[in-house]
file model03.txt (compact mmCIF, C-alpha atoms)
# COMPACT_ATOMS: atom_id res chain seq x y z
CA MET A 1 48.03 -29.02 15.96
CA LYS A 2 46.07 -30.34 18.95
CA PRO A 3 47.19 -28.84 22.28
CA THR A 4 48.73 -31.11 24.88
CA ILE A 5 46.60 -30.97 28.03
CA ALA A 6 48.23 -30.96 31.48
CA PHE A 7 45.49 -29.21 33.49
CA VAL A 8 41.67 -29.16 33.41
CA VAL A 9 39.50 -26.51 35.04
CA SER A 10 35.77 -27.19 35.17
CA ASP A 11 32.65 -25.23 36.01
CA ILE A 12 30.31 -27.00 38.45
CA ASP A 13 26.60 -26.32 37.94
CA GLY A 14 25.43 -27.25 34.47
CA THR A 15 28.80 -28.85 33.73
CA LEU A 16 30.30 -31.24 36.26
CA LEU A 17 26.97 -31.87 37.98
CA THR A 18 23.65 -33.11 36.62
CA PRO A 19 20.55 -30.87 36.80
CA ASP A 20 19.67 -32.39 40.19
CA LYS A 21 23.15 -31.33 41.46
CA SER A 22 24.58 -34.82 41.64
CA LEU A 23 27.98 -36.10 40.56
CA THR A 24 27.66 -39.25 38.48
CA ALA A 25 29.92 -42.25 38.94
CA ARG A 26 31.16 -41.76 35.38
CA ALA A 27 32.08 -38.11 36.02
CA ARG A 28 33.94 -39.07 39.20
CA ALA A 29 35.76 -41.81 37.32
CA ALA A 30 36.73 -39.34 34.60
CA VAL A 31 38.38 -37.06 37.17
CA GLU A 32 40.21 -40.05 38.64
CA GLU A 33 41.40 -41.02 35.16
CA LEU A 34 42.82 -37.52 34.69
CA GLY A 35 44.89 -38.05 37.83
CA ARG A 36 46.20 -41.38 36.58
CA ALA A 37 47.17 -39.69 33.30
CA GLY A 38 49.10 -37.02 35.21
CA VAL A 39 46.62 -34.25 34.38
CA ALA A 40 45.86 -31.80 37.20
CA PHE A 41 42.25 -30.82 37.94
CA SER A 42 40.49 -27.91 39.63
CA LEU A 43 37.17 -26.07 39.78
CA VAL A 44 35.89 -22.57 39.10
CA SER A 45 32.32 -21.60 39.89
CA GLY A 46 29.95 -18.79 40.66
CA ARG A 47 29.22 -20.65 43.90
CA PRO A 48 30.58 -19.42 47.22
CA PRO A 49 33.65 -21.45 48.23
CA ARG A 50 31.70 -22.79 51.19
CA ALA A 51 29.38 -24.50 48.69
CA MET A 52 32.31 -26.08 46.83
CA LEU A 53 34.18 -27.68 49.70
CA ASP A 54 32.31 -31.01 49.87
CA LEU A 55 32.76 -31.55 46.14
CA ALA A 56 36.42 -30.57 46.32
CA ARG A 57 36.95 -33.14 49.06
CA GLU A 58 34.99 -35.81 47.23
CA LEU A 59 37.16 -35.32 44.16
CA GLY A 60 40.36 -35.17 46.20
CA LEU A 61 41.47 -31.78 44.93
CA SER A 62 45.05 -30.92 45.81
CA LEU A 63 45.20 -27.54 44.06
CA PRO A 64 43.44 -24.25 44.83
CA PHE A 65 40.01 -23.63 43.33
CA ALA A 66 37.98 -20.51 42.61
CA GLY A 67 34.57 -19.40 43.87
CA PHE A 68 32.43 -16.34 43.11
CA ASN A 69 33.51 -16.54 39.43
CA GLY A 70 37.09 -16.03 40.57
CA GLY A 71 36.39 -13.50 43.31
CA ASN A 72 37.82 -15.92 45.86
CA ILE A 73 40.81 -18.20 45.35
CA VAL A 74 40.93 -20.80 48.08
CA ARG A 75 43.02 -23.73 49.24
CA PRO A 76 41.58 -27.27 49.05
CA ASP A 77 40.76 -27.03 52.76
CA GLY A 78 38.75 -23.84 52.18
CA GLY A 79 41.35 -21.40 53.48
CA LEU A 80 41.19 -18.08 51.67
CA ILE A 81 44.19 -17.22 49.47
CA ALA A 82 42.88 -14.05 47.82
CA ALA A 83 39.60 -12.12 47.59
CA LYS A 84 38.31 -9.50 45.17
CA ARG A 85 35.20 -7.81 46.54
CA LEU A 86 32.72 -5.30 45.16
CA GLY A 87 33.11 -1.73 46.31
CA SER A 88 30.35 0.02 48.25
CA ALA A 89 29.37 2.31 45.38
CA ALA A 90 29.10 -0.54 42.86
CA SER A 91 27.13 -2.64 45.35
CA ARG A 92 24.62 0.11 46.04
CA LEU A 93 24.18 0.86 42.33
CA THR A 94 23.64 -2.83 41.58
CA LEU A 95 21.02 -3.20 44.32
CA GLU A 96 19.20 -0.08 43.12
CA LEU A 97 19.18 -1.32 39.53
CA PHE A 98 17.89 -4.75 40.54
CA GLU A 99 15.10 -3.25 42.62
CA ALA A 100 14.09 -0.90 39.80
CA HIS A 101 13.79 -3.85 37.38
CA GLY A 102 11.99 -6.21 39.74
CA LEU A 103 14.90 -8.60 40.33
CA GLN A 104 15.25 -10.39 43.66
CA ALA A 105 18.67 -9.63 45.17
CA TRP A 106 20.85 -12.25 46.82
CA VAL A 107 23.96 -10.91 48.53
CA PHE A 108 27.00 -13.00 49.49
CA ALA A 109 29.26 -11.54 52.17
CA ASP A 110 31.09 -12.73 55.28
CA ASP A 111 30.71 -16.36 54.13
CA GLU A 112 26.92 -15.97 54.34
CA TRP A 113 24.02 -15.63 51.89
CA TYR A 114 21.73 -12.68 52.65
CA LEU A 115 18.31 -11.82 51.22
CA ARG A 116 15.12 -10.03 52.18
CA ASP A 117 12.46 -12.64 51.38
CA PRO A 118 13.27 -16.28 52.24
CA ALA A 119 9.98 -17.43 50.67
CA ALA A 120 10.77 -15.94 47.26
CA ALA A 121 11.09 -18.03 44.10
CA ARG A 122 14.19 -20.21 43.68
CA VAL A 123 15.44 -19.73 47.25
CA ALA A 124 14.67 -23.29 48.34
CA GLY A 125 16.24 -24.75 45.21
CA GLU A 126 19.39 -22.70 45.64
CA ALA A 127 19.69 -23.71 49.29
CA HIS A 128 19.55 -27.35 48.20
CA ALA A 129 22.12 -26.75 45.46
CA ILE A 130 24.74 -25.00 47.58
CA GLY A 131 24.14 -26.87 50.82
CA PHE A 132 23.25 -24.01 53.14
CA GLY A 133 20.36 -21.62 53.61
CA PRO A 134 20.07 -17.84 53.55
CA THR A 135 20.02 -15.30 56.35
CA THR A 136 17.15 -12.83 56.20
CA THR A 137 18.07 -9.17 56.60
CA PRO A 138 16.05 -5.94 56.29
CA SER A 139 19.07 -4.10 54.87
CA PHE A 140 22.32 -4.92 53.10
CA GLU A 141 24.04 -1.80 54.44
CA PRO A 142 25.79 -3.46 57.44
CA PHE A 143 28.09 -5.37 55.03
CA ILE A 144 27.90 -3.17 51.92
CA ASP A 145 31.70 -2.71 51.89
CA ARG A 146 32.61 -6.41 51.87
CA ILE A 147 30.29 -8.07 49.35
CA ASP A 148 31.75 -10.90 47.26
CA LYS A 149 28.83 -11.26 44.87
CA ILE A 150 25.30 -9.98 44.22
CA VAL A 151 22.90 -12.16 42.26
CA GLY A 152 19.84 -10.77 40.52
CA VAL A 153 17.14 -13.45 40.24
CA CYS A 154 14.31 -13.30 37.73
CA ASP A 155 12.17 -15.97 36.05
CA ASP A 156 11.81 -13.83 32.92
CA PRO A 157 14.94 -14.38 30.77
CA ALA A 158 14.17 -11.36 28.58
CA ARG A 159 13.96 -9.04 31.58
CA LEU A 160 17.15 -10.54 32.99
CA ALA A 161 18.96 -9.97 29.69
CA GLU A 162 17.79 -6.35 29.72
CA ALA A 163 19.00 -5.94 33.30
CA GLU A 164 22.36 -7.44 32.34
CA ALA A 165 22.83 -4.92 29.53
CA LEU A 166 21.80 -2.04 31.80
CA ALA A 167 24.09 -3.23 34.60
CA ARG A 168 27.07 -3.43 32.27
CA ARG A 169 26.47 0.11 31.04
CA ALA A 170 25.79 1.56 34.49
CA LEU A 171 28.63 -0.21 36.29
CA GLY A 172 31.20 0.13 33.52
CA GLU A 173 34.66 -0.83 34.74
CA ASN A 174 33.55 -0.91 38.38
CA ALA A 175 32.04 -4.42 38.25
CA ALA A 176 31.55 -7.49 36.07
CA ALA A 177 28.00 -8.60 35.21
CA SER A 178 27.18 -11.90 33.49
CA ARG A 179 24.58 -14.65 33.63
CA SER A 180 25.62 -17.83 35.44
CA HIS A 181 22.20 -19.45 34.91
CA PRO A 182 19.21 -18.67 32.68
CA PHE A 183 17.57 -16.95 35.68
CA TYR A 184 20.62 -15.58 37.56
CA LEU A 185 22.67 -12.46 36.86
CA ASP A 186 25.96 -12.33 38.81
CA VAL A 187 27.65 -9.05 39.66
CA THR A 188 31.18 -9.22 41.05
CA HIS A 189 34.40 -7.23 41.30
CA PRO A 190 35.59 -6.37 37.74
CA ALA A 191 38.58 -8.71 38.06
CA ALA A 192 36.42 -11.50 39.50
CA GLU A 193 35.77 -13.34 36.25
CA LYS A 194 36.60 -16.85 35.20
CA GLY A 195 39.30 -15.99 32.68
CA ALA A 196 41.34 -14.25 35.37
CA ALA A 197 40.62 -17.14 37.75
CA VAL A 198 41.98 -19.68 35.27
CA ARG A 199 45.13 -17.60 34.93
CA GLU A 200 45.59 -17.67 38.71
CA LEU A 201 44.87 -21.39 38.96
CA CYS A 202 47.34 -22.12 36.16
CA ALA A 203 50.02 -20.17 38.02
CA ALA A 204 49.30 -22.19 41.17
CA ALA A 205 49.46 -25.44 39.21
CA GLY A 206 52.61 -24.42 37.34
CA VAL A 207 50.92 -25.10 34.00
CA GLU A 208 50.81 -22.79 30.99
CA LEU A 209 47.43 -21.60 29.71
CA ALA A 210 48.19 -23.20 26.35
CA HIS A 211 48.20 -26.63 28.06
CA THR A 212 44.98 -26.04 29.98
CA ALA A 213 41.49 -27.24 29.05
CA VAL A 214 38.32 -25.63 30.43
CA ILE A 215 34.73 -26.86 30.43
CA GLY A 216 31.62 -24.74 31.03
CA ASP A 217 28.05 -24.04 30.00
CA MET A 218 27.05 -20.39 30.47
CA ALA A 219 27.99 -16.84 29.52
CA ASN A 220 30.16 -16.41 32.60
CA ASP A 221 32.35 -19.28 31.33
CA VAL A 222 33.25 -17.57 28.06
CA THR A 223 36.10 -15.53 29.54
CA MET A 224 37.87 -18.77 30.48
CA PHE A 225 37.23 -20.13 26.97
CA ASP A 226 39.10 -17.07 25.70
CA VAL A 227 42.31 -17.73 27.67
CA ALA A 228 42.65 -21.53 27.74
CA GLY A 229 44.43 -23.65 25.18
CA PHE A 230 41.32 -25.80 24.67
CA SER A 231 37.71 -25.08 25.61
CA VAL A 232 34.59 -27.24 25.69
CA ALA A 233 30.97 -26.07 25.93
CA MET A 234 28.23 -28.30 27.28
CA GLY A 235 25.55 -29.58 24.92
CA GLN A 236 22.77 -27.62 26.59
CA SER A 237 24.71 -24.33 26.46
CA PRO A 238 23.20 -21.35 24.62
CA ASP A 239 24.34 -21.16 21.01
CA THR A 240 26.25 -17.96 21.79
CA VAL A 241 28.35 -19.88 24.32
CA LYS A 242 28.90 -22.88 22.04
CA ALA A 243 30.15 -20.54 19.32
CA ARG A 244 32.99 -19.35 21.59
CA ALA A 245 34.27 -22.85 22.47
CA ASP A 246 36.70 -25.06 20.58
CA ALA A 247 34.41 -28.08 20.96
CA VAL A 248 30.95 -29.05 22.20
CA THR A 249 30.18 -32.12 24.27
CA ALA A 250 26.87 -33.70 25.26
CA ALA A 251 24.48 -32.11 27.75
CA ASN A 252 24.83 -32.52 31.51
CA THR A 253 21.81 -34.83 31.33
CA ASP A 254 23.86 -37.17 29.13
CA GLU A 255 27.30 -37.42 30.79
CA GLY A 256 28.64 -34.42 28.88
CA PHE A 257 31.46 -33.76 31.34
CA ALA A 258 32.66 -37.36 31.38
CA ARG A 259 32.45 -37.59 27.59
CA ALA A 260 34.50 -34.42 27.20
CA ILE A 261 37.23 -35.85 29.42
CA GLU A 262 37.17 -39.30 27.82
CA GLU A 263 36.85 -38.27 24.18
CA MET A 264 38.52 -34.84 23.97
CA VAL A 265 40.89 -34.25 26.87
CA LEU A 266 42.52 -37.59 27.68
CA PRO A 267 43.54 -38.34 24.06
CA ARG A 268 45.42 -35.04 24.05
CA ALA A 269 47.02 -35.78 27.41
CA VAL A 270 48.13 -39.25 26.30
CA ALA A 271 49.36 -37.92 22.94
CA GLY A 272 51.37 -35.27 24.71
CA LYS A 273 53.21 -37.92 26.75
CA SER A 274 54.20 -40.01 23.77
CA PRO A 275 57.86 -39.99 22.75

call {"tool": "encode", "arguments": {"input": "model03.txt", "output": "structure tokens"}}
result
Amino acid sequence: MKPTIAFVVSDIDGTLLTPDKSLTARARAAVEELGRAGVAFSLVSGRPPRAMLDLARELGLSLPFAGFNGGNIVRPDGGLIAAKRLGSAASRLTLELFEAHGLQAWVFADDEWYLRDPAAARVAGEAHAIGFGPTTTPSFEPFIDRIDKIVGVCDDPARLAEAEALARRALGENAAASRSHPFYLDVTHPAAEKGAAVRELCAAAGVELAHTAVIGDMANDVTMFDVAGFSVAMGQSPDTVKARADAVTAANTDEGFARAIEEMVLPRAVAGKSP
């Protein structure tokens, strides 16, 4: 039996937005149509909350949303509700592992983005994507005890996959490590993962997980696929991610988000409201 959908939680990059980080008119209209159908909507992303606020306002979010893969739960106005941060020991171990494997480290703490080399690869693109630039620092020690997320950046997917496996073994239950992008490895508090975030957002919305649909594209979205009543993977997702979803939509170059809402979610919402 098809689940009745009362709440949708979407990833942002690679899902809601196109590769150039824009929101199409059709995607915006799809979110508006959810509202007219009485279906609540929110966001969960690896982005810092600061980099989600403009989009949240544009979409008129009225419910909390989650940044840092669920490490921060915030109000629609950006006010912090709850934070799960990496411990000092896990942060130091992560930074040592990244350095040993030639990964550039990006550190998010105190509502800022810190790094050592502002001219390194992908920095300019990330600044454009999230809407603010980094702060250069010679050392991450001054804020080692309050880090929300560390990102390992590498243009070699094989080396990044190896680093991910090593990080998971080395960090164990002290942190969560997963790829949010083909070239990014996110390390967060162990409870800062999207499945837990969806649970928290459902509680805030007053909607059961069984009546929640989620949409995402990367490995860090799989934990929310595992808890939601209905899950959709983007068309450009890795096959391993598609295999974990209930359905697959088109790519984010071809209105995949809007199509998922129009063709898969709204029919379930409308069906659920029928007598």

call {"tool": "closest_residue", "arguments": {"input": "model03.txt", "among": "A:Val187, A:Ala51, A:Val31, A:Ala165", "to": "Glu126 of chain A", "atoms": "all atoms listed in the file"}}
result
A:Ala51

call {"tool": "atom_distance", "arguments": {"input": "model03.txt", "atom1": "atom CA of Leu266 of chain A", "atom2": "atom CA of Thr249 of chain A"}}
result
13.9 Å

call {"tool": "closest_residue", "arguments": {"input": "model03.txt", "among": "A:Arg47, A:His128, A:Arg75, A:Arg122", "to": "Asp20 of chain A", "atoms": "only C-alpha atoms"}}
result
A:His128

call {"tool": "residues_around", "arguments": {"input": "model03.txt", "residues": "Gly14 of chain A", "least_positions_apart": "6", "cutoff": "10 Å", "atoms": "only C-alpha atoms", "output": "mmCIF file with C-alpha atoms, in the coordinates of the input"}}
result
data_model
loop_
_atom_site.group_PDB
_atom_site.id
_atom_site.type_symbol
_atom_site.label_atom_id
_atom_site.label_comp_id
_atom_site.auth_asym_id
_atom_site.auth_seq_id
_atom_site.Cartn_x
_atom_site.Cartn_y
_atom_site.Cartn_z
ATOM 1 C CA ASP A 20 19.670 -32.390 40.190
ATOM 2 C CA LYS A 21 23.150 -31.330 41.460
ATOM 3 C CA SER A 180 25.620 -17.830 35.440
ATOM 4 C CA HIS A 181 22.200 -19.450 34.910
ATOM 5 C CA GLY A 216 31.620 -24.740 31.030
ATOM 6 C CA ASP A 217 28.050 -24.040 30.000
ATOM 7 C CA MET A 218 27.050 -20.390 30.470
ATOM 8 C CA MET A 234 28.230 -28.300 27.280
ATOM 9 C CA GLY A 235 25.550 -29.580 24.920
ATOM 10 C CA GLN A 236 22.770 -27.620 26.590
ATOM 11 C CA SER A 237 24.710 -24.330 26.460
ATOM 12 C CA ALA A 251 24.480 -32.110 27.750
ATOM 13 C CA ASN A 252 24.830 -32.520 31.510
ATOM 14 C CA THR A 253 21.810 -34.830 31.330
ATOM 15 C CA GLY A 256 28.640 -34.420 28.880
ATOM 16 C CA PHE A 257 31.460 -33.760 31.340
#

call {"tool": "residues_around", "arguments": {"input": "model03.txt", "residues": "Asp111 of chain A", "least_positions_apart": "3", "cutoff": "10 Å", "atoms": "all atoms listed in the file", "output": "PyMOL selection string"}}
result
chain A and resi 48-51+108+114+147-148

call {"tool": "atom_distance", "arguments": {"input": "model03.txt", "atom1": "atom CA of Gly206 of chain A", "atom2": "atom CA of Thr4 of chain A"}}
result
14.7 Å

call {"tool": "closest_residue", "arguments": {"input": "model03.txt", "among": "A:Leu61, A:Val265, A:Ile130, A:Leu55", "to": "Gly229 of chain A", "atoms": "all atoms listed in the file"}}
result
A:Val265

call {"tool": "atom_distance", "arguments": {"input": "model03.txt", "atom1": "atom CA of Asp156 of chain A", "atom2": "atom CA of Trp113 of chain A"}}
result
22.6 Å

call {"tool": "residues_around", "arguments": {"input": "model03.txt", "residues": "segment 190-200 of chain A", "least_positions_apart": "4", "cutoff": "7 Å", "atoms": "all atoms listed in the file", "output": "list of chain:residue names"}}
result
A:Val44, A:Ala66, A:Asn69, A:Gly70, A:Gly71, A:Lys84, A:Glu173, A:Asn174, A:Ala175, A:Ala176, A:Ala204, A:Leu209, A:Asn220, A:Asp221, A:Thr223, A:Met224, A:Val227

call {"tool": "axis_aligned_box", "arguments": {"input": "model03.txt", "around": "segment 251-263 of chain A", "padding_each_side": "5 Å", "output": "JSON"}}
result
{"center_x": 29.5, "center_y": -35.7, "center_z": 27.8, "size_x": 25.4, "size_y": 17.2, "size_z": 17.3}

call {"tool": "residues_around", "arguments": {"input": "model03.txt", "residues": "Val270 of chain A", "least_positions_apart": "6", "cutoff": "12 Å", "atoms": "all atoms listed in the file", "output": "short mmCIF file (atom, residue, chain, number, x, y, z; two decimals) with C-alpha atoms, keeping the file's coordinate frame"}}
result
data_model
loop_
_atom_site.label_atom_id
_atom_site.label_comp_id
_atom_site.auth_asym_id
_atom_site.auth_seq_id
_atom_site.Cartn_x
_atom_site.Cartn_y
_atom_site.Cartn_z
CA LYS A 2 46.07 -30.34 18.95
CA PRO A 3 47.19 -28.84 22.28
CA THR A 4 48.73 -31.11 24.88
CA ILE A 5 46.60 -30.97 28.03
CA ALA A 6 48.23 -30.96 31.48
CA GLU A 33 41.40 -41.02 35.16
CA LEU A 34 42.82 -37.52 34.69
CA ARG A 36 46.20 -41.38 36.58
CA ALA A 37 47.17 -39.69 33.30
CA GLY A 38 49.10 -37.02 35.21
CA VAL A 39 46.62 -34.25 34.38
CA ILE A 261 37.23 -35.85 29.42
CA GLU A 262 37.17 -39.30 27.82
CA GLU A 263 36.85 -38.27 24.18
CA MET A 264 38.52 -34.84 23.97
#

call {"tool": "closest_residue", "arguments": {"input": "model03.txt", "among": "A:Leu95, A:Val241, A:Ala82, A:Leu23", "to": "Asp54 of chain A", "atoms": "only C-alpha atoms"}}
result
A:Leu23

call {"tool": "residues_around", "arguments": {"input": "model03.txt", "residues": "segment 103-107 of chain A", "least_positions_apart": "6", "cutoff": "10 Å", "atoms": "all atoms listed in the file", "output": "ChimeraX atom specification"}}
result
/A:91,94-97,113-117,120-123,134-135,140,143-144,147-156,159-160,163,183-187

call {"tool": "build_atoms", "arguments": {"input": "model03.txt", "residues": "segment 69-80 of chain A", "atoms": "N, CA and C atoms", "output": "mmCIF file, in the frame of the given file"}}
result
data_model
loop_
_atom_site.group_PDB
_atom_site.id
_atom_site.type_symbol
_atom_site.label_atom_id
_atom_site.label_comp_id
_atom_site.auth_asym_id
_atom_site.auth_seq_id
_atom_site.Cartn_x
_atom_site.Cartn_y
_atom_site.Cartn_z
ATOM 1 N N ASN A 69 33.004 -16.832 40.780
ATOM 2 C CA ASN A 69 33.510 -16.540 39.430
ATOM 3 C C ASN A 69 34.958 -16.088 39.423
ATOM 4 N N GLY A 70 35.700 -16.455 40.462
ATOM 5 C CA GLY A 70 37.090 -16.030 40.570
ATOM 6 C C GLY A 70 37.311 -14.957 41.610
ATOM 7 N N GLY A 71 36.251 -14.514 42.268
ATOM 8 C CA GLY A 71 36.390 -13.500 43.310
ATOM 9 C C GLY A 71 37.148 -14.005 44.520
ATOM 10 N N ASN A 72 37.050 -15.297 44.783
ATOM 11 C CA ASN A 72 37.820 -15.920 45.860
ATOM 12 C C ASN A 72 38.661 -17.047 45.300
ATOM 13 N N ILE A 73 39.933 -17.057 45.631
ATOM 14 C CA ILE A 73 40.810 -18.200 45.350
ATOM 15 C C ILE A 73 41.097 -18.842 46.696
ATOM 16 N N VAL A 74 40.828 -20.136 46.791
ATOM 17 C CA VAL A 74 40.930 -20.800 48.080
ATOM 18 C C VAL A 74 41.739 -22.089 47.995
ATOM 19 N N ARG A 75 42.294 -22.469 49.132
ATOM 20 C CA ARG A 75 43.020 -23.730 49.240
ATOM 21 C C ARG A 75 42.023 -24.895 49.267
ATOM 22 N N PRO A 76 42.485 -26.112 49.017
ATOM 23 C CA PRO A 76 41.580 -27.270 49.050
ATOM 24 C C PRO A 76 40.842 -27.442 50.371
ATOM 25 N N ASP A 77 41.433 -26.923 51.463
ATOM 26 C CA ASP A 77 40.760 -27.030 52.760
ATOM 27 C C ASP A 77 39.805 -25.867 53.014
ATOM 28 N N GLY A 78 39.663 -24.971 52.046
ATOM 29 C CA GLY A 78 38.750 -23.840 52.180
ATOM 30 C C GLY A 78 39.400 -22.563 52.669
ATOM 31 N N GLY A 79 40.669 -22.611 53.028
ATOM 32 C CA GLY A 79 41.350 -21.400 53.480
ATOM 33 C C GLY A 79 41.477 -20.384 52.361
ATOM 34 N N LEU A 80 41.186 -19.134 52.681
ATOM 35 C CA LEU A 80 41.190 -18.080 51.670
ATOM 36 C C LEU A 80 42.612 -17.676 51.301
#
